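Written below as C-alpha cells is the structure these notes are about.
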Amino acid sequence: MERVLFGKAFSALALALPLLGAAPQDPVTAITSDAVPGPVHPWAQACEDWDDWDKPGPPFKIHGNTWYVGTCGISAILITSDDGHALIDSGTEKGAEVVLANIRKLGFDPKDIKLLLGSHEHFDHVGGMAKIQQATGAVFISSAIAVDTMITGKAHPDDPQFGLHEPMAKIAEGLPYDWGDAPYKLDYFGISPIPTPGHTPGAMSWTWRACEGEDCLTVVYADSLSAVSRDDYRFSDHREYLDAFVGSLKDIAEAPCDILATPHPSGGKLKVTLSALARRKQDGLPDFACAGYASAQQQALGMRLSKERGTQ
Ligand SMILES: [Zn+2]
C-alpha cells in the first residue's frame, strides 16, 4: 500500500527518510528572492528577527478586523468586532503589559475583550494570560490540557519540555474549546479551532476570515510545531504522541491559508508576510504559506527522529 505523506496512518518511524530526501522548496523564502524592494513596514523597522520576547513593537492592522498587538519577539493577535473583541495569546507576564498598551494604542479598550485564546501552554505565549484576564474579565478558551495547565499552574507530564519552564501565574477560569458554550463564543467571531498537539500536548492553532468589506482573507494562527524537548526525552519513545504530531503538521499544511501568523513572529516569517501583503495588489498572495511552514517543521522533526535513531 502506498503511504500518503503526512497521512495519519503514516508510520512515525518512517517519517525521517522521506523528509531527509529531496527537501521541498520553502515557498515563502522563494517569494522573497523575487521581492520588489518597497517601503519597510514600521514593525519590520522596529523589530529584529527572533527579537526579545518583551521588547515593545508597534501594533498594526494585518487585514480587516485582525491586528498584531504582540511584542517584537512574541505574537498576540486581536480580532475586533462591534460587540467585543477576541485576543489570542498574551506574551510573557511582562510582555502582557506591552500587549495591553498596544491594544490601547490602536484605540481599543481591553475591557471590550470578551474572549481569550491560547496557542500553547508555555509561559512565553500565555504566561501573561492571568494578567490579561484580570484586565478584561474575559473567559479563556484553549484545549482541555492547556486550560488545566493554566488553572493549576502545573505543566502536563506529556509535555516534551516538562520540567524546563518556570510556572505560570494561574488564570481564574478557562474552558476547553469544545465544551459548554465555548463553541458558540468561537462561532461568534467565526474562529475555528485546529488542535495541533506536538510542540506541547495541548497546542492549538486557530483560523478565521478577516474581511475589509468584500475583501476577505483566511488567516491561520498556526502554533509552534518545533520538536523541542528536555535532554532525556525521545519523541520516538512516544508513538501515539508522535502520530498526533504528524497529524498536526498535515492539518496545518492542508489548511486554507492566505495569511500565516505564528506565536514566534519570525517562525512564520512575519516580515515576509508583511512585504507580501504590501505587494498583494500587484503580485497576489502566496497560497502556500502554511504548507511551507509545516514543511520546514516536518523536516526538522525528521532530522530529530533520525538523530534519535542514531543514539539508540
Ligand atoms: Zn513553547
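Ligands are numbered from 1 in the order shown, chains are lettered A, B, ... in the order of the C-alpha cells, and residues start at 1 in each chain.
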Note to self: I'd like to know which residues of region 196-302 of chain A are alpha helix (DSSP H) (by DSSP, run on the backbone); could you write them as a ChimeraX atom specification?
What the structure shows: /A:239-254,270-278,280-283,289-302
Any chance you could export the current selection's N, CA and C atoms as a compact mmCIF listing (two decimals), in the first residue's frame?
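Saved the output as part_12.txt:
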# COMPACT_ATOMS: atom_id res chain seq x y z
N ARG A 239 5.04 6.86 20.65
CA ARG A 239 4.48 6.63 19.31
C ARG A 239 3.15 7.39 19.08
N GLU A 240 2.27 7.27 20.08
CA GLU A 240 0.95 7.91 19.92
C GLU A 240 1.09 9.43 19.83
N TYR A 241 1.95 9.96 20.67
CA TYR A 241 2.20 11.41 20.68
C TYR A 241 2.78 11.85 19.33
N LEU A 242 3.70 11.04 18.84
CA LEU A 242 4.36 11.35 17.56
C LEU A 242 3.36 11.30 16.40
N ASP A 243 2.47 10.32 16.43
CA ASP A 243 1.44 10.23 15.38
C ASP A 243 0.56 11.49 15.40
N ALA A 244 0.23 11.93 16.60
CA ALA A 244 -0.60 13.14 16.72
C ALA A 244 0.17 14.35 16.18
N PHE A 245 1.46 14.41 16.46
CA PHE A 245 2.33 15.50 15.99
C PHE A 245 2.32 15.52 14.45
N VAL A 246 2.49 14.34 13.85
CA VAL A 246 2.48 14.24 12.38
C VAL A 246 1.12 14.68 11.82
N GLY A 247 0.05 14.30 12.54
CA GLY A 247 -1.29 14.74 12.14
C GLY A 247 -1.42 16.26 12.18
N SER A 248 -0.81 16.89 13.18
CA SER A 248 -0.86 18.35 13.29
C SER A 248 -0.15 19.01 12.10
N LEU A 249 1.00 18.46 11.72
CA LEU A 249 1.74 19.01 10.57
C LEU A 249 0.89 18.92 9.31
N LYS A 250 0.21 17.80 9.17
CA LYS A 250 -0.66 17.60 7.99
C LYS A 250 -1.81 18.62 8.00
N ASP A 251 -2.41 18.79 9.17
CA ASP A 251 -3.57 19.69 9.25
C ASP A 251 -3.18 21.13 8.91
N ILE A 252 -2.00 21.56 9.37
CA ILE A 252 -1.57 22.93 9.04
C ILE A 252 -1.17 23.02 7.57
N ALA A 253 -0.51 22.00 7.06
CA ALA A 253 -0.11 22.02 5.64
C ALA A 253 -1.33 22.13 4.73
N GLU A 254 -2.44 21.52 5.14
CA GLU A 254 -3.63 21.47 4.28
C GLU A 254 -4.63 22.57 4.57
N LEU A 270 7.09 36.67 9.63
CA LEU A 270 6.15 37.79 9.60
C LEU A 270 6.61 38.91 8.67
N LYS A 271 7.93 39.16 8.64
CA LYS A 271 8.41 40.25 7.77
C LYS A 271 8.13 39.94 6.30
N VAL A 272 8.27 38.68 5.92
CA VAL A 272 7.98 38.28 4.54
C VAL A 272 6.48 38.45 4.26
N THR A 273 5.66 38.07 5.25
CA THR A 273 4.21 38.21 5.11
C THR A 273 3.83 39.67 4.94
N LEU A 274 4.46 40.54 5.72
CA LEU A 274 4.14 41.97 5.63
C LEU A 274 4.51 42.51 4.25
N SER A 275 5.65 42.07 3.75
CA SER A 275 6.04 42.59 2.44
C SER A 275 5.15 41.98 1.35
N ALA A 276 4.71 40.72 1.53
CA ALA A 276 3.78 40.12 0.55
C ALA A 276 2.43 40.83 0.59
N LEU A 277 1.98 41.21 1.79
CA LEU A 277 0.69 41.92 1.89
C LEU A 277 0.78 43.29 1.22
N ALA A 278 1.95 43.94 1.38
CA ALA A 278 2.12 45.26 0.76
C ALA A 278 2.11 45.16 -0.77
N ARG A 280 0.49 42.87 -2.47
CA ARG A 280 -0.60 41.95 -2.81
C ARG A 280 -1.35 42.37 -4.08
N LYS A 281 -1.58 43.68 -4.21
CA LYS A 281 -2.35 44.16 -5.38
C LYS A 281 -1.66 43.79 -6.68
N GLN A 282 -0.32 43.91 -6.72
CA GLN A 282 0.42 43.55 -7.95
C GLN A 282 0.62 42.05 -8.08
N ASP A 283 1.04 41.43 -6.98
CA ASP A 283 1.56 40.05 -7.08
C ASP A 283 0.63 38.98 -6.53
N ALA A 289 1.66 29.51 2.19
CA ALA A 289 2.41 29.94 3.38
C ALA A 289 2.36 28.87 4.48
N CYS A 290 1.17 28.33 4.74
CA CYS A 290 1.05 27.32 5.80
C CYS A 290 1.75 26.03 5.41
N ALA A 291 1.65 25.65 4.15
CA ALA A 291 2.31 24.42 3.68
C ALA A 291 3.82 24.57 3.81
N GLY A 292 4.34 25.75 3.49
CA GLY A 292 5.79 25.98 3.61
C GLY A 292 6.25 25.90 5.06
N TYR A 293 5.45 26.47 5.93
CA TYR A 293 5.76 26.43 7.37
C TYR A 293 5.75 24.99 7.88
N ALA A 294 4.69 24.25 7.54
CA ALA A 294 4.58 22.86 8.00
C ALA A 294 5.72 22.01 7.44
N SER A 295 6.07 22.29 6.19
CA SER A 295 7.12 21.50 5.55
C SER A 295 8.47 21.70 6.25
N ALA A 296 8.78 22.94 6.60
CA ALA A 296 10.04 23.21 7.30
C ALA A 296 10.05 22.51 8.66
N GLN A 297 8.92 22.55 9.36
CA GLN A 297 8.85 21.92 10.68
C GLN A 297 8.89 20.40 10.56
N GLN A 298 8.32 19.90 9.48
CA GLN A 298 8.32 18.46 9.24
C GLN A 298 9.75 17.96 9.01
N GLN A 299 10.49 18.74 8.25
CA GLN A 299 11.89 18.36 8.02
C GLN A 299 12.67 18.35 9.34
N ALA A 300 12.40 19.34 10.17
CA ALA A 300 13.10 19.41 11.46
C ALA A 300 12.75 18.20 12.33
N LEU A 301 11.48 17.79 12.31
CA LEU A 301 11.07 16.61 13.08
C LEU A 301 11.75 15.36 12.53
N GLY A 302 11.84 15.28 11.21
CA GLY A 302 12.52 14.14 10.59
C GLY A 302 13.97 14.06 11.03
Item checked: Env. residues ligand 1 / 10 Å / only C-alpha atoms and all ligand atoms / as a ChimeraX atom specification -> /A:119-126,159-161,165,199-200,203,223-229,263-264
Notebook entry, point to check: Near Tyr221 (chain A), within 7 Å and counting only C-alpha atoms, which residues show up once chain neighbours fewer than 2 positions away are dropped, as a list in words?
Noted result: Ser205, Trp206, Thr207, Val219, Asp223, Leu260, Ala261 and Thr262 of chain A
Margin query: Give me, as a ChimeraX atom specification, all polymer residues having an atom no more than 7 Å from Asp51 (chain A), counting only C-alpha atoms and skipping those fewer than 2 positions away in the same chain.
Written below: /A:47-49,53,72-73
Notebook entry, point to check: If we count only C-alpha atoms, what is near region 101-113 of chain A at a cut-off of 9 Å, once residues fewer than 2 positions away on the same chain are taken out, given as number ranges by chain?
Noted result: A: 56-61, 67-71, 78, 80, 83-87, 96-99, 115-116, 132, 135-138
Keeping N, CA and C atoms, export the residues of the selection given above as a PDB file, in the first residue's frame.
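And here is the file that came out, again-v9.pdb:
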ATOM      1  N   PRO A  56       8.996  46.027  23.201  1.00  0.00           N
ATOM      2  CA  PRO A  56       7.819  46.623  22.573  1.00  0.00           C
ATOM      3  C   PRO A  56       8.030  46.834  21.078  1.00  0.00           C
ATOM      4  N   GLY A  57       6.990  46.578  20.319  1.00  0.00           N
ATOM      5  CA  GLY A  57       6.997  46.854  18.877  1.00  0.00           C
ATOM      6  C   GLY A  57       5.661  47.491  18.528  1.00  0.00           C
ATOM      7  N   PRO A  58       5.581  48.214  17.430  1.00  0.00           N
ATOM      8  CA  PRO A  58       4.336  48.921  17.118  1.00  0.00           C
ATOM      9  C   PRO A  58       3.220  47.959  16.706  1.00  0.00           C
ATOM     10  N   PRO A  59       1.988  48.201  17.207  1.00  0.00           N
ATOM     11  CA  PRO A  59       0.857  47.382  16.767  1.00  0.00           C
ATOM     12  C   PRO A  59       0.447  47.792  15.356  1.00  0.00           C
ATOM     13  N   PHE A  60      -0.197  46.905  14.636  1.00  0.00           N
ATOM     14  CA  PHE A  60      -0.631  47.260  13.267  1.00  0.00           C
ATOM     15  C   PHE A  60      -1.758  46.346  12.804  1.00  0.00           C
ATOM     16  N   LYS A  61      -2.467  46.858  11.785  1.00  0.00           N
ATOM     17  CA  LYS A  61      -3.530  46.041  11.195  1.00  0.00           C
ATOM     18  C   LYS A  61      -2.901  45.006  10.261  1.00  0.00           C
ATOM     19  N   TRP A  67      -5.553  42.347  13.955  1.00  0.00           N
ATOM     20  CA  TRP A  67      -4.463  43.261  14.318  1.00  0.00           C
ATOM     21  C   TRP A  67      -3.360  42.519  15.045  1.00  0.00           C
ATOM     22  N   TYR A  68      -2.127  42.937  14.791  1.00  0.00           N
ATOM     23  CA  TYR A  68      -0.988  42.403  15.549  1.00  0.00           C
ATOM     24  C   TYR A  68      -0.754  43.328  16.736  1.00  0.00           C
ATOM     25  N   VAL A  69      -0.819  42.773  17.944  1.00  0.00           N
ATOM     26  CA  VAL A  69      -0.628  43.591  19.147  1.00  0.00           C
ATOM     27  C   VAL A  69       0.471  43.019  20.054  1.00  0.00           C
ATOM     28  N   GLY A  70       1.279  42.111  19.504  1.00  0.00           N
ATOM     29  CA  GLY A  70       2.319  41.461  20.300  1.00  0.00           C
ATOM     30  C   GLY A  70       3.567  42.318  20.445  1.00  0.00           C
ATOM     31  N   THR A  71       4.594  41.707  21.020  1.00  0.00           N
ATOM     32  CA  THR A  71       5.894  42.365  21.163  1.00  0.00           C
ATOM     33  C   THR A  71       6.707  42.097  19.889  1.00  0.00           C
ATOM     34  N   LEU A  78      -5.253  40.454  17.885  1.00  0.00           N
ATOM     35  CA  LEU A  78      -6.562  40.973  18.300  1.00  0.00           C
ATOM     36  C   LEU A  78      -7.523  40.873  17.117  1.00  0.00           C
ATOM     37  N   THR A  80     -11.256  42.094  16.150  1.00  0.00           N
ATOM     38  CA  THR A  80     -12.231  43.038  16.689  1.00  0.00           C
ATOM     39  C   THR A  80     -13.613  42.855  16.057  1.00  0.00           C
ATOM     40  N   ASP A  83     -19.205  44.298  18.759  1.00  0.00           N
ATOM     41  CA  ASP A  83     -19.733  43.863  20.058  1.00  0.00           C
ATOM     42  C   ASP A  83     -18.698  43.183  20.927  1.00  0.00           C
ATOM     43  N   GLY A  84     -17.450  43.548  20.775  1.00  0.00           N
ATOM     44  CA  GLY A  84     -16.405  42.960  21.618  1.00  0.00           C
ATOM     45  C   GLY A  84     -15.325  42.316  20.779  1.00  0.00           C
ATOM     46  N   HIS A  85     -14.215  42.039  21.433  1.00  0.00           N
ATOM     47  CA  HIS A  85     -13.027  41.558  20.714  1.00  0.00           C
ATOM     48  C   HIS A  85     -12.527  40.224  21.265  1.00  0.00           C
ATOM     49  N   ALA A  86     -11.697  39.573  20.440  1.00  0.00           N
ATOM     50  CA  ALA A  86     -11.025  38.345  20.871  1.00  0.00           C
ATOM     51  C   ALA A  86      -9.521  38.599  20.827  1.00  0.00           C
ATOM     52  N   LEU A  87      -8.794  38.006  21.761  1.00  0.00           N
ATOM     53  CA  LEU A  87      -7.333  38.155  21.798  1.00  0.00           C
ATOM     54  C   LEU A  87      -6.707  36.763  21.854  1.00  0.00           C
ATOM     55  N   ALA A  96       2.755  41.033  28.591  1.00  0.00           N
ATOM     56  CA  ALA A  96       1.310  41.328  28.598  1.00  0.00           C
ATOM     57  C   ALA A  96       1.058  42.825  28.748  1.00  0.00           C
ATOM     58  N   GLU A  97       1.970  43.516  29.436  1.00  0.00           N
ATOM     59  CA  GLU A  97       1.835  44.978  29.571  1.00  0.00           C
ATOM     60  C   GLU A  97       1.964  45.647  28.205  1.00  0.00           C
ATOM     61  N   VAL A  98       2.900  45.135  27.405  1.00  0.00           N
ATOM     62  CA  VAL A  98       3.093  45.676  26.043  1.00  0.00           C
ATOM     63  C   VAL A  98       1.843  45.397  25.207  1.00  0.00           C
ATOM     64  N   VAL A  99       1.303  44.188  25.357  1.00  0.00           N
ATOM     65  CA  VAL A  99       0.108  43.812  24.585  1.00  0.00           C
ATOM     66  C   VAL A  99      -1.058  44.736  24.948  1.00  0.00           C
ATOM     67  N   LEU A 115     -13.169  37.458  24.710  1.00  0.00           N
ATOM     68  CA  LEU A 115     -12.707  36.085  24.508  1.00  0.00           C
ATOM     69  C   LEU A 115     -11.178  36.064  24.449  1.00  0.00           C
ATOM     70  N   LEU A 116     -10.584  35.168  25.227  1.00  0.00           N
ATOM     71  CA  LEU A 116      -9.124  34.996  25.221  1.00  0.00           C
ATOM     72  C   LEU A 116      -8.814  33.588  24.723  1.00  0.00           C
ATOM     73  N   ILE A 132      -3.936  39.453  31.773  1.00  0.00           N
ATOM     74  CA  ILE A 132      -4.889  39.930  30.755  1.00  0.00           C
ATOM     75  C   ILE A 132      -6.319  39.576  31.180  1.00  0.00           C
ATOM     76  N   ALA A 135      -7.435  42.129  33.555  1.00  0.00           N
ATOM     77  CA  ALA A 135      -7.710  43.427  32.919  1.00  0.00           C
ATOM     78  C   ALA A 135      -8.987  43.412  32.083  1.00  0.00           C
ATOM     79  N   THR A 136      -9.393  42.237  31.612  1.00  0.00           N
ATOM     80  CA  THR A 136     -10.523  42.164  30.677  1.00  0.00           C
ATOM     81  C   THR A 136     -11.755  41.480  31.248  1.00  0.00           C
ATOM     82  N   GLY A 137     -11.560  40.564  32.183  1.00  0.00           N
ATOM     83  CA  GLY A 137     -12.671  39.764  32.709  1.00  0.00           C
ATOM     84  C   GLY A 137     -13.175  38.737  31.708  1.00  0.00           C
ATOM     85  N   ALA A 138     -12.408  38.485  30.643  1.00  0.00           N
ATOM     86  CA  ALA A 138     -12.867  37.576  29.587  1.00  0.00           C
ATOM     87  C   ALA A 138     -12.540  36.120  29.916  1.00  0.00           C
TER      88      ALA A 138
END
Notebook entry, point to check: Of the candidates A:Ala46, A:Ile88, A:Cys216, A:Leu305, which one gets nearest to Leu186 (chain A) if we count only C-alpha atoms?
Noted result: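 Going through A:Ala46, A:Ile88, A:Cys216, A:Leu305 one by one, the smallest distance to Leu186 (chain A) is for A:Ile88.
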Notebook entry, point to check: as a PyMOL selection string, which residues of region 62-271 of chain A does DSSP assign to strand (DSSP E or B)?
Noted result: chain A and resi 62-63+66-68+77-79+85-88+113-117+139-142+174-176+192-195+204-212+215-221+259-261
Using only C-alpha atoms, please write the residues we just selected to a file, as a compact mmCIF listing (two decimals), in the first residue's frame.
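Below you can see again.txt, which holds the result:
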# COMPACT_ATOMS: atom_id res chain seq x y z
CA ILE A 62 -2.89 42.72 9.46
CA HIS A 63 -6.12 42.76 7.45
CA THR A 66 -7.29 41.42 12.55
CA TRP A 67 -4.46 43.26 14.32
CA TYR A 68 -0.99 42.40 15.55
CA ILE A 77 -3.46 38.84 17.75
CA LEU A 78 -6.56 40.97 18.30
CA ILE A 79 -9.75 40.22 16.35
CA HIS A 85 -13.03 41.56 20.71
CA ALA A 86 -11.03 38.35 20.87
CA LEU A 87 -7.33 38.16 21.80
CA ILE A 88 -5.04 35.24 21.01
CA ILE A 113 -12.22 41.92 25.01
CA LYS A 114 -14.74 39.10 25.51
CA LEU A 115 -12.71 36.08 24.51
CA LEU A 116 -9.12 35.00 25.22
CA LEU A 117 -7.49 32.18 23.27
CA VAL A 139 -13.08 33.80 29.51
CA PHE A 140 -10.01 31.86 28.35
CA ILE A 141 -10.50 29.09 25.79
CA SER A 142 -7.98 26.53 24.63
CA GLY A 174 -10.98 28.63 31.38
CA LEU A 175 -12.98 26.44 29.03
CA PRO A 176 -11.88 23.68 26.64
CA SER A 192 -12.33 27.67 14.10
CA PRO A 193 -10.03 25.60 16.32
CA ILE A 194 -7.33 23.37 14.84
CA PRO A 195 -5.87 21.17 17.59
CA MET A 204 -3.85 24.81 19.45
CA SER A 205 -3.98 26.67 16.15
CA TRP A 206 -6.85 28.94 15.14
CA THR A 207 -8.26 30.12 11.81
CA TRP A 208 -10.78 32.75 10.72
CA ARG A 209 -11.74 35.04 7.84
CA ALA A 210 -10.58 38.65 8.10
CA CYS A 211 -12.63 40.97 5.90
CA GLU A 212 -12.32 44.55 4.68
CA ASP A 215 -12.15 41.64 0.55
CA CYS A 216 -11.79 38.58 2.79
CA LEU A 217 -8.62 36.63 3.57
CA THR A 218 -8.23 33.44 5.60
CA VAL A 219 -5.84 33.86 8.49
CA VAL A 220 -4.22 30.86 10.18
CA TYR A 221 -2.56 31.40 13.54
CA ILE A 259 -2.11 34.75 5.79
CA LEU A 260 0.07 32.75 8.15
CA ALA A 261 0.79 34.08 11.62
Item checked: Separation of CA of Thr92 (chain A) from CA of Gly64 (chain A), in Å and rounded to one decimal ->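 Distance between the two atoms: 26.5 Å.
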